[in-house]
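Dropping run-v7.txt in here (compact mmCIF, C-alpha atoms and all ligand atoms):
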```txt
# COMPACT_ATOMS: atom_id res chain seq x y z
CA MET V 268 89.09 21.90 201.15
CA ASP V 269 92.35 20.96 202.89
CA SER V 270 95.43 23.21 203.12
CA LYS V 271 97.41 21.31 200.54
CA THR V 272 94.65 21.51 197.92
CA ILE V 273 94.27 25.27 198.52
CA MET V 274 98.02 25.79 198.11
CA ASP V 275 98.14 23.67 194.96
CA LEU V 276 95.18 25.50 193.39
CA THR V 277 96.73 28.85 194.28
CA GLY V 278 100.03 27.82 192.72
CA GLN V 279 98.30 26.72 189.55
CA TYR V 280 95.80 29.54 189.04
CA ILE V 281 96.90 32.65 190.95
CA LEU V 282 99.80 34.67 189.54
CA ASN V 283 102.92 34.14 191.56
CA THR V 284 103.44 37.67 192.93
CA TYR V 285 103.64 36.95 196.66
CA GLY V 286 106.24 35.11 198.73
CA ARG V 287 103.70 33.21 200.82
CA PHE V 288 104.27 31.22 204.00
CA PRO V 289 102.98 27.62 203.80
CA VAL V 290 99.83 28.32 205.82
CA ALA V 291 96.20 28.34 204.67
CA ILE V 292 93.74 30.29 206.79
CA ASP V 293 90.12 29.26 207.05
CA HIS V 294 88.55 31.18 209.93
CA GLY V 295 89.30 33.20 213.03
CA GLN V 296 88.11 34.34 216.42
CA GLY V 297 89.54 37.27 218.35
CA ALA V 298 93.27 37.36 217.57
CA ARG V 299 93.36 33.64 216.75
CA LEU V 300 93.31 32.19 213.23
CA TYR V 301 92.74 28.57 212.21
CA SER V 302 93.78 26.46 209.24
CA PRO V 303 91.20 24.22 207.54
CA GLU V 304 92.57 21.36 209.69
CA GLY V 305 92.01 23.40 212.87
CA ARG V 306 95.65 24.33 213.55
CA GLU V 307 95.67 27.47 215.73
CA TYR V 308 97.76 30.61 215.12
CA ILE V 309 98.09 33.71 217.28
CA ASP V 310 97.87 36.65 214.89
CA PHE V 311 100.36 39.50 215.34
CA THR V 312 99.70 40.72 211.76
CA SER V 313 95.95 41.46 211.46
CA GLY V 314 96.28 40.88 207.72
CA ILE V 315 98.91 43.65 207.47
CA GLY V 316 97.17 46.08 209.78
CA VAL V 317 93.67 45.56 208.43
CA SER V 318 91.58 43.41 210.79
CA CYS V 319 91.73 45.91 213.65
CA LEU V 320 88.76 44.44 215.53
CA GLY V 321 90.15 40.92 215.21
CA TYR V 322 87.99 38.13 213.78
CA GLY V 323 84.35 37.32 214.47
CA ASN V 324 83.47 40.73 216.00
CA ALA V 325 79.68 40.50 216.37
CA ASP V 326 78.95 44.21 215.80
CA TRP V 327 81.07 44.33 212.66
CA ILE V 328 79.38 41.21 211.25
CA GLN V 329 75.95 42.60 212.09
CA ALA V 330 76.71 45.97 210.44
CA ILE V 331 77.93 44.31 207.24
CA SER V 332 75.14 41.74 207.08
CA ALA V 333 72.39 44.30 207.63
CA GLN V 334 73.83 46.69 205.03
CA ALA V 335 74.39 43.88 202.50
CA ALA V 336 70.76 42.85 202.91
CA LYS V 337 69.63 46.46 202.36
CA LEU V 338 71.93 47.73 199.59
CA GLY V 339 75.30 46.43 198.39
CA HIS V 340 76.27 49.18 195.93
CA ALA V 341 74.73 52.26 194.38
CA SER V 342 77.54 54.27 192.62
CA ASN V 343 78.52 57.83 193.35
CA LEU V 344 75.89 59.24 191.00
CA PHE V 345 73.54 58.99 193.98
CA TYR V 346 73.66 59.59 197.73
CA THR V 347 73.99 56.87 200.40
CA GLU V 348 73.90 57.21 204.17
CA PRO V 349 76.76 55.01 205.48
CA ALA V 350 79.57 56.88 203.68
CA ALA V 351 78.11 60.28 204.58
CA ARG V 352 78.00 59.31 208.25
CA LEU V 353 81.49 57.79 208.19
CA ALA V 354 82.93 60.95 206.59
CA GLN V 355 81.20 63.08 209.24
CA ILE V 356 82.70 61.02 212.08
CA LEU V 357 86.21 61.08 210.57
CA CYS V 358 86.08 64.88 210.18
CA GLU V 359 84.58 65.49 213.62
CA ARG V 360 87.17 63.29 215.32
CA THR V 361 90.18 64.85 213.55
CA GLY V 362 89.41 68.46 212.66
CA MET V 363 89.64 67.70 208.95
CA SER V 364 86.93 69.03 206.59
CA GLY V 365 86.17 66.64 203.76
CA VAL V 366 86.65 63.03 202.66
CA PHE V 367 87.01 61.23 199.33
CA PHE V 368 86.54 57.45 199.56
CA ALA V 369 88.51 54.97 197.46
CA ASN V 370 89.46 51.30 197.74
CA GLY V 371 93.12 50.73 198.53
CA GLY V 372 96.13 52.55 199.94
CA GLY V 373 97.99 53.07 196.69
CA GLU V 374 94.84 54.43 195.07
CA ALA V 375 94.26 56.80 198.00
CA ASN V 376 97.82 58.09 197.70
CA GLU V 377 97.33 58.63 193.97
CA GLY V 378 94.35 60.80 194.87
CA MET V 379 96.43 62.73 197.40
CA ILE V 380 99.15 63.33 194.78
CA LYS V 381 96.55 64.45 192.21
CA LEU V 382 95.02 66.82 194.74
CA ALA V 383 98.37 68.41 195.58
CA ARG V 384 99.18 68.93 191.92
CA LYS V 385 95.77 70.42 191.17
CA TYR V 386 95.95 72.73 194.18
CA SER V 387 99.23 74.09 192.85
CA PHE V 388 98.11 74.18 189.21
CA ASP V 389 94.95 76.11 190.09
CA LYS V 390 96.93 78.68 192.07
CA TYR V 391 100.31 78.93 190.31
CA GLY V 392 99.87 77.30 186.88
CA ALA V 393 102.06 74.58 185.36
CA GLY V 394 105.60 73.70 186.41
CA ARG V 395 105.07 73.33 190.14
CA ALA V 396 104.25 69.64 190.42
CA THR V 397 107.17 68.06 192.27
CA ILE V 398 106.49 66.23 195.50
CA ILE V 399 109.30 65.59 197.96
CA THR V 400 109.02 62.23 199.74
CA LEU V 401 111.38 60.54 202.20
CA GLU V 402 114.04 57.92 201.68
CA ASN V 403 112.97 54.49 202.89
CA SER V 404 109.27 55.39 202.52
CA PHE V 405 106.54 53.21 201.03
CA HIS V 406 103.53 54.69 199.27
CA GLY V 407 102.09 51.94 197.05
CA ARG V 408 102.40 49.78 193.95
CA THR V 409 100.84 51.85 191.17
CA ILE V 410 103.25 53.35 188.62
CA THR V 411 103.03 56.74 190.35
CA THR V 412 103.14 55.60 193.98
CA LEU V 413 106.08 53.29 193.21
CA LYS V 414 107.94 56.40 192.06
CA ALA V 415 106.75 58.30 195.15
CA THR V 416 108.30 55.50 197.23
CA GLY V 417 111.81 56.58 198.26
CA GLN V 418 113.54 53.24 197.71
CA GLU V 419 115.48 52.56 194.51
CA VAL V 420 114.53 48.85 194.46
CA PHE V 421 110.96 49.85 193.60
CA HIS V 422 112.03 51.91 190.56
CA ASN V 423 112.55 48.97 188.23
CA TYR V 424 111.00 47.13 185.26
CA PHE V 425 107.94 49.34 184.79
CA PHE V 426 109.48 52.29 182.95
CA PRO V 427 108.57 55.00 182.25
CA PHE V 428 107.55 56.03 185.77
CA THR V 429 105.60 59.17 186.62
CA GLU V 430 107.91 62.18 186.87
CA GLY V 431 107.95 64.74 189.64
CA PHE V 432 109.31 63.12 192.79
CA ARG V 433 112.49 63.88 194.74
CA TYR V 434 113.66 62.23 197.93
CA ALA V 435 114.98 63.66 201.19
CA LYS V 436 116.52 61.91 204.21
CA ALA V 437 114.08 61.38 207.08
CA ASN V 438 114.63 63.49 210.21
CA ASP V 439 117.04 65.76 208.31
CA LEU V 440 115.73 69.24 207.54
CA ALA V 441 118.87 70.20 205.60
CA SER V 442 118.26 67.28 203.24
CA LEU V 443 114.71 68.53 202.64
CA GLU V 444 116.02 72.05 201.99
CA ALA V 445 118.49 70.60 199.50
CA GLN V 446 115.61 69.15 197.49
CA SER V 447 113.54 72.33 197.52
CA GLY V 448 112.94 74.50 194.44
CA ASP V 449 110.36 76.53 192.49
CA ASP V 450 108.93 73.30 191.09
CA VAL V 451 107.83 71.88 194.47
CA CYS V 452 104.14 71.69 195.47
CA ALA V 453 104.13 69.30 198.43
CA VAL V 454 105.96 67.12 200.93
CA MET V 455 104.62 63.62 201.58
CA VAL V 456 105.54 61.52 204.62
CA GLU V 457 104.57 58.54 206.72
CA LEU V 458 104.82 59.68 210.35
CA VAL V 459 105.92 56.18 211.27
CA GLN V 460 107.53 54.52 208.27
CA GLY V 461 105.85 51.12 208.12
CA GLU V 462 107.24 48.90 205.37
CA GLY V 463 110.59 50.69 205.79
CA GLY V 464 111.01 49.22 209.28
CA VAL V 465 108.64 50.87 211.83
CA LEU V 466 110.61 54.12 212.07
CA PRO V 467 108.79 57.01 213.78
CA LEU V 468 109.73 60.52 212.62
CA ASP V 469 111.06 62.93 215.29
CA PRO V 470 108.32 65.29 216.52
CA ASP V 471 110.67 68.31 216.19
CA TYR V 472 111.46 67.40 212.59
CA VAL V 473 107.77 67.03 211.75
CA GLN V 474 107.01 70.44 213.28
CA ALA V 475 109.85 71.99 211.29
CA VAL V 476 108.65 70.37 208.04
CA VAL V 477 105.14 71.71 208.56
CA LYS V 478 106.51 75.19 209.26
CA LEU V 479 108.64 75.13 206.10
CA CYS V 480 105.65 73.92 204.07
CA ARG V 481 103.45 76.74 205.39
CA GLU V 482 106.10 79.35 204.50
CA ARG V 483 106.35 78.10 200.91
CA ASP V 484 102.74 77.05 200.35
CA TRP V 485 103.78 73.42 199.89
CA LEU V 486 101.02 71.05 200.92
CA VAL V 487 101.67 68.71 203.86
CA LEU V 488 100.61 65.23 202.72
CA VAL V 489 100.56 62.49 205.35
CA ASP V 490 100.28 58.84 204.26
CA GLU V 491 98.32 57.28 207.14
CA VAL V 492 97.50 54.09 205.24
CA GLN V 493 99.26 52.02 207.89
CA THR V 494 99.37 54.42 210.87
CA GLY V 495 95.73 55.53 210.68
CA VAL V 496 92.57 54.23 212.32
CA GLY V 497 93.89 53.69 215.82
CA ARG V 498 97.01 51.73 214.99
CA THR V 499 99.33 54.08 216.88
CA GLY V 500 96.95 54.66 219.80
CA SER V 501 95.38 57.85 218.47
CA LEU V 502 92.79 57.79 215.68
CA PHE V 503 95.41 59.18 213.29
CA ALA V 504 99.15 59.48 213.97
CA PHE V 505 99.12 63.18 213.05
CA GLN V 506 97.14 63.75 216.25
CA HIS V 507 100.14 62.43 218.27
CA TYR V 508 102.35 64.91 216.45
CA GLY V 509 100.02 67.84 217.07
CA ILE V 510 99.73 68.76 213.38
CA LEU V 511 96.85 69.07 210.94
CA PRO V 512 97.94 67.94 207.47
CA ASP V 513 96.52 69.53 204.33
CA VAL V 514 95.66 66.04 203.12
CA CYS V 515 96.05 62.59 204.67
CA SER V 516 95.32 59.17 203.24
CA PHE V 517 93.95 56.15 205.07
CA ALA V 518 93.18 52.54 204.12
CA LYS V 519 94.22 49.28 205.82
CA GLY V 520 92.20 49.33 209.07
CA ILE V 521 89.44 51.74 208.04
CA ALA V 522 86.75 49.07 207.49
CA GLY V 523 88.22 46.35 209.73
CA GLY V 524 88.73 43.82 206.94
CA LEU V 525 86.80 45.04 203.90
CA PRO V 526 88.56 46.93 201.10
CA MET V 527 88.20 50.67 201.63
CA SER V 528 90.47 53.70 201.63
CA GLY V 529 90.31 57.42 201.17
CA ILE V 530 91.77 60.83 201.68
CA MET V 531 90.76 63.62 204.04
CA THR V 532 91.53 67.28 203.45
CA ASN V 533 91.59 70.31 205.70
CA GLU V 534 89.40 73.33 205.05
CA LYS V 535 91.94 74.94 202.71
CA CYS V 536 91.96 71.97 200.33
CA ARG V 537 88.37 70.78 200.43
CA GLY V 538 87.45 72.57 197.19
CA VAL V 539 90.39 71.42 195.06
CA PHE V 540 88.62 68.45 193.51
CA THR V 541 85.52 69.47 191.56
CA PRO V 542 82.97 67.22 189.79
CA GLY V 543 84.70 65.21 187.11
CA THR V 544 88.27 65.68 188.37
CA HIS V 545 88.46 62.56 190.55
CA ALA V 546 86.31 59.42 190.85
CA THR V 547 86.30 55.68 191.45
CA THR V 548 83.44 53.24 190.80
CA PHE V 549 83.54 51.31 194.05
CA GLY V 550 84.40 54.30 196.27
CA ALA V 551 82.13 54.89 199.28
CA ASN V 552 80.62 51.41 198.92
CA PRO V 553 77.79 51.17 201.49
CA VAL V 554 78.80 47.77 202.89
CA CYS V 555 82.41 48.88 203.39
CA ALA V 556 81.22 52.17 204.89
CA ALA V 557 78.90 50.30 207.28
CA ALA V 558 81.91 48.22 208.35
CA GLY V 559 83.84 51.48 208.79
CA LEU V 560 81.09 52.81 211.05
CA ALA V 561 81.32 49.68 213.21
CA VAL V 562 85.08 50.24 213.47
CA GLN V 563 84.58 53.88 214.50
CA GLU V 564 82.00 52.78 217.06
CA ALA V 565 84.53 50.37 218.59
CA LEU V 566 87.46 52.82 218.55
CA SER V 567 86.36 54.96 221.49
CA ASP V 568 88.89 57.21 223.20
CA GLU V 569 89.14 54.58 225.97
CA PHE V 570 89.83 51.85 223.39
CA LEU V 571 92.59 54.00 221.85
CA GLN V 572 94.12 54.53 225.29
CA GLN V 573 94.17 50.74 225.69
CA VAL V 574 95.96 50.41 222.34
CA GLN V 575 98.81 52.51 223.77
CA GLU V 576 98.90 50.42 226.94
CA LYS V 577 98.83 47.13 225.04
CA GLY V 578 101.64 48.32 222.78
CA ALA V 579 103.78 49.23 225.78
CA TYR V 580 102.97 45.90 227.46
CA LEU V 581 103.79 43.84 224.37
CA ARG V 582 107.13 45.61 223.91
CA GLU V 583 108.05 45.11 227.58
CA GLN V 584 107.22 41.41 227.44
CA ILE V 585 109.29 40.91 224.29
CA GLU V 586 112.29 42.83 225.63
CA ALA V 587 112.10 40.89 228.90
CA LEU V 588 112.63 37.62 226.98
CA ASN V 589 116.16 38.77 226.14
CA LEU V 590 116.16 36.62 223.03
CA PRO V 591 119.57 36.29 221.35
CA CYS V 592 118.11 37.18 217.93
CA PHE V 593 116.26 40.34 219.02
CA GLY V 594 117.55 43.78 219.95
CA GLN V 595 115.44 46.76 221.01
CA THR V 596 111.81 47.33 220.17
CA ARG V 597 110.35 50.60 218.91
CA GLY V 598 107.08 51.97 217.58
CA LEU V 599 103.87 53.70 218.55
CA GLY V 600 100.81 51.96 219.97
CA LEU V 601 100.30 48.53 218.39
CA MET V 602 102.71 49.28 215.55
CA VAL V 603 105.81 47.56 216.89
CA GLY V 604 109.24 47.07 215.32
CA ILE V 605 111.94 44.75 216.65
CA THR V 606 115.60 45.03 215.71
CA VAL V 607 117.06 41.76 214.45
CA GLN V 608 120.61 41.14 215.64
CA GLU V 609 123.49 40.46 213.30
CA GLY V 610 123.78 36.83 212.29
CA TRP V 611 120.02 36.39 212.04
CA THR V 612 117.60 37.26 209.23
CA ASN V 613 114.07 38.50 209.77
CA LYS V 614 112.68 36.17 207.09
CA ASP V 615 114.05 33.08 208.86
CA ILE V 616 112.77 34.24 212.22
CA ALA V 617 109.32 34.91 210.74
CA ALA V 618 109.23 31.48 209.11
CA ARG V 619 110.14 29.76 212.38
CA LEU V 620 107.58 31.68 214.43
CA ILE V 621 104.85 31.00 211.89
CA GLU V 622 105.75 27.31 211.85
CA ASN V 623 105.30 27.35 215.62
CA GLY V 624 101.92 29.07 215.58
CA LEU V 625 102.64 32.82 215.73
CA LEU V 626 101.98 34.97 212.66
CA VAL V 627 104.40 37.94 212.39
CA LEU V 628 105.56 40.41 209.73
CA THR V 629 108.91 41.76 208.63
CA ALA V 630 109.74 45.36 207.67
CA GLY V 631 113.07 46.66 206.46
CA PRO V 632 115.73 44.48 208.11
CA GLY V 633 113.66 43.92 211.28
CA MET V 634 110.46 42.34 212.56
CA ARG V 635 107.10 44.14 212.54
CA LEU V 636 104.08 43.35 214.68
CA LEU V 637 100.62 44.72 213.85
CA PRO V 638 98.25 42.71 216.08
CA PRO V 639 94.51 43.32 215.95
CA LEU V 640 93.86 46.46 218.04
CA ALA V 641 91.31 44.41 220.00
CA ILE V 642 93.86 41.77 221.01
CA THR V 643 93.62 40.66 224.65
CA LYS V 644 96.42 40.38 227.20
CA GLU V 645 95.98 36.61 227.22
CA GLU V 646 96.40 36.44 223.42
CA MET V 647 99.52 38.64 223.60
CA ASP V 648 100.95 36.44 226.37
CA GLN V 649 100.33 33.33 224.28
CA GLY V 650 102.14 34.93 221.33
CA VAL V 651 105.09 35.97 223.48
CA ALA V 652 105.26 32.43 224.91
CA ILE V 653 105.58 31.10 221.35
CA MET V 654 108.46 33.54 220.76
CA LYS V 655 110.20 32.29 223.87
CA LYS V 656 109.72 28.61 223.02
CA THR V 657 110.78 29.10 219.38
CA LEU V 658 113.64 31.56 219.70
CA GLY V 659 114.93 31.08 223.27
CA ALA V 660 118.57 30.07 223.66
C1 LIG V 701 100.15 49.34 202.66
C2 LIG V 701 100.58 50.73 202.38
C3 LIG V 701 100.29 51.36 201.15
C4 LIG V 701 99.66 50.62 200.00
O1 LIG V 701 98.35 50.23 200.28
P1 LIG V 701 97.58 49.19 199.31
O2 LIG V 701 96.23 49.06 199.94
O3 LIG V 701 98.37 47.92 199.32
O4 LIG V 701 97.54 49.82 197.97
C5 LIG V 701 100.65 52.68 201.01
N1 LIG V 701 101.23 53.37 202.00
C6 LIG V 701 101.53 52.80 203.18
C7 LIG V 701 102.17 53.63 204.26
C8 LIG V 701 101.22 51.47 203.41
O5 LIG V 701 101.54 50.89 204.57
```
Turn the structure described in the file into structure tokens.
Amino acid sequence: MDSKTIMDLTGQYILNTYGRFPVAIDHGQGARLYSPEGREYIDFTSGIGVSCLGYGNADWIQAISAQAAKLGHASNLFYTEPAARLAQILCERTGMSGVFFANGGGEANEGMIKLARKYSFDKYGAGRATIITLENSFHGRTITTLKATGQEVFHNYFFPFTEGFRYAKANDLASLEAQSGDDVCAVMVELVQGEGGVLPLDPDYVQAVVKLCRERDWLVLVDEVQTGVGRTGSLFAFQHYGILPDVCSFAKGIAGGLPMSGIMTNEKCRGVFTPGTHATTFGANPVCAAAGLAVQEALSDEFLQQVQEKGAYLREQIEALNLPCFGQTRGLGLMVGITVQEGWTNKDIAARLIENGLLVLTAGPGMRLLPPLAITKEEMDQGVAIMKKTLGA
């Protein structure tokens, strides 16, 4: 099917909820994607931080194919090996104690919110259910996670929203204190705000938040949906910050392109959910878990070190272009933000780059790059060359 037919069919039969770029994608190899007509794109998006191994990774394909041939789904009424092994690896590599598998980031965050509220209810009874989140955060699109998101634009249309969220300014301990109270059970943060604009939290602030939470028995909830699974150059961003959350969520990159998510708890919180209190039909799907195992296999400590080096290299190359539309870069690992200068808009810049063969993302008022973690130097150079050609003075 050609690109135009795909776009027409989509327009006619798929609900119009996304502002799409006029590109149809048919297949990929490495960090390169191709339209049905064979037009090549360098991919600095990895499907919004999902396809961490790039496209066509032989081990990932083999793991999925073999598991699909063996068993595609069994439900959580029974035991399956791939999810058990994946949970073991995630705990052993992070110091966490237990995993619950789900399917998407918003759903994982819902589970994290439920867990925090049940922890507090079990210990203190009703009336201590409020979760403080940060301004400019993004936690998902369900009715509850929209309300957890600290941006007013998301609190529209879908009333009534779930109660029990208050918002504090990022990197401002006094603002957090101002939101505290007897009704609080947890603080929830992204360590690098993703959708909000690739904004890393200050390490000192994060340490202070954890200390405050420990003093008041508020749970520390870290949304690692975007930052997790190697994106920042450590398996989880909380490892960079030297903290162990009570609960963290993960999703996007966990299975390298198949839908999977989950939450991990520390030892203190592993018993909060009991049989019947939380569940999801597709959770721990064996094919997704097998893909997750292939991802973990690829993400060795050496590979993660390379993610940091590649991130630094990519930022240097972009800054060296001195493009009139770009200011400074920021980020951690291969989660890169670029400031867009006044007089330019990130949406226009993205559209022009995509038209010229480089897929990029926006976040907040700036640009956001989330290339496959397995991207090569040559692929990065080709992407940067497209930036220069498209945006150079
Ligand atoms: C993408 C994202 C989500 C939502 O994940 P979905 O899989 O789209 O539900 C939640 N939190 C953060 C930090 C994200 O980046």
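Taking only C-alpha atoms and all ligand atoms into account, ligand LIG 701 (chain V) has within 7 Å the residues Gly371, Gly372, Gly373, Glu374, Asn376, Phe405, His406, Gly407, Arg408, Glu457, Gln460, Gly461, Glu462, Asp490, Glu491, Val492, Gln493, Ala518 and Lys519 of chain V.
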Self-check item: Polymer residues at most 9 Å from Val290 (chain V), only C-alpha atoms, same-chain spacing of 3 or more positions, as a PyMOL selection string
Solution: chain V and resi 270+274+287+302+621-622
Against region 534-546 of chain V, which residues of region 424-485 of chain V fall within 12 Å? For each one I want the closest pair of atoms and the distance in Å (one decimal), counting only C-alpha atoms, rows by chain and increasing residue number, as a tab-separated table.
```
residue	atom	partner	partner_atom	distance
V:Arg481	CA	V:Lys535	CA	12.0
V:Asp484	CA	V:Lys535	CA	11.3
V:Trp485	CA	V:Cys536	CA	11.9
```
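Within 12 Å of the point (108.1, 37.9, 198.6), and counting all atoms listed in the file, the protein, DNA and RNA residues are Asn283, Thr284, Tyr285, Gly286, Arg287, Phe288, Lys614, Leu628, Thr629 and Ala630 of chain V.
Nearest residue to Pro632 (chain V) among V:Gly378, V:Ala551, V:Asn613, V:Ala298 is V:Asn613, counting all atoms listed in the file.
Relative to CA of Ala618 (chain V), CA of Met654 (chain V) is found at 11.9 Å.
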Would you give me, as CSV, each residue of region 435-540 of chain V having an atom within 10 Å of an atom of region 555-568 of chain V, along with its shortest atom pair and that distance in Å to one decimal, using all atoms listed in the file and sorting by chain and residue number?
```
residue,atom,partner,partner_atom,distance
V:Val496,CA,V:Leu566,CA,8.2
V:Gly497,CA,V:Leu566,CA,7.0
V:Gly500,CA,V:Asp568,CA,9.1
V:Ser501,CA,V:Asp568,CA,8.1
V:Leu502,CA,V:Leu566,CA,7.8
V:Gly520,CA,V:Val562,CA,8.4
V:Ile521,CA,V:Gly559,CA,5.7
V:Ala522,CA,V:Gly559,CA,4.0
V:Gly523,CA,V:Val562,CA,6.2
V:Gly524,CA,V:Ala558,CA,8.2
V:Leu525,CA,V:Cys555,CA,5.9
V:Pro526,CA,V:Cys555,CA,6.8
V:Met527,CA,V:Cys555,CA,6.3
V:Ser528,CA,V:Cys555,CA,9.6
```
Could you write those residues out with C-alpha atoms, as a PDB file, in the frame of the given file?
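Everything below was put into out20.pdb:
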```pdb
ATOM      1  CA  VAL V 496      92.570  54.230 212.320  1.00  0.00           C
ATOM      2  CA  GLY V 497      93.890  53.690 215.820  1.00  0.00           C
ATOM      3  CA  GLY V 500      96.950  54.660 219.800  1.00  0.00           C
ATOM      4  CA  SER V 501      95.380  57.850 218.470  1.00  0.00           C
ATOM      5  CA  LEU V 502      92.790  57.790 215.680  1.00  0.00           C
ATOM      6  CA  GLY V 520      92.200  49.330 209.070  1.00  0.00           C
ATOM      7  CA  ILE V 521      89.440  51.740 208.040  1.00  0.00           C
ATOM      8  CA  ALA V 522      86.750  49.070 207.490  1.00  0.00           C
ATOM      9  CA  GLY V 523      88.220  46.350 209.730  1.00  0.00           C
ATOM     10  CA  GLY V 524      88.730  43.820 206.940  1.00  0.00           C
ATOM     11  CA  LEU V 525      86.800  45.040 203.900  1.00  0.00           C
ATOM     12  CA  PRO V 526      88.560  46.930 201.100  1.00  0.00           C
ATOM     13  CA  MET V 527      88.200  50.670 201.630  1.00  0.00           C
ATOM     14  CA  SER V 528      90.470  53.700 201.630  1.00  0.00           C
TER      15      SER V 528
END
```
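Across the structure, CA of Glu307 (chain V) and CA of Gly598 (chain V) are spaced 27.1 Å apart.
Among V:Leu357, V:Ala504, V:Met531, V:Ile642, the residue with the shortest atom-to-atom distance to Ala369 (chain V), counting only C-alpha atoms, is V:Met531.
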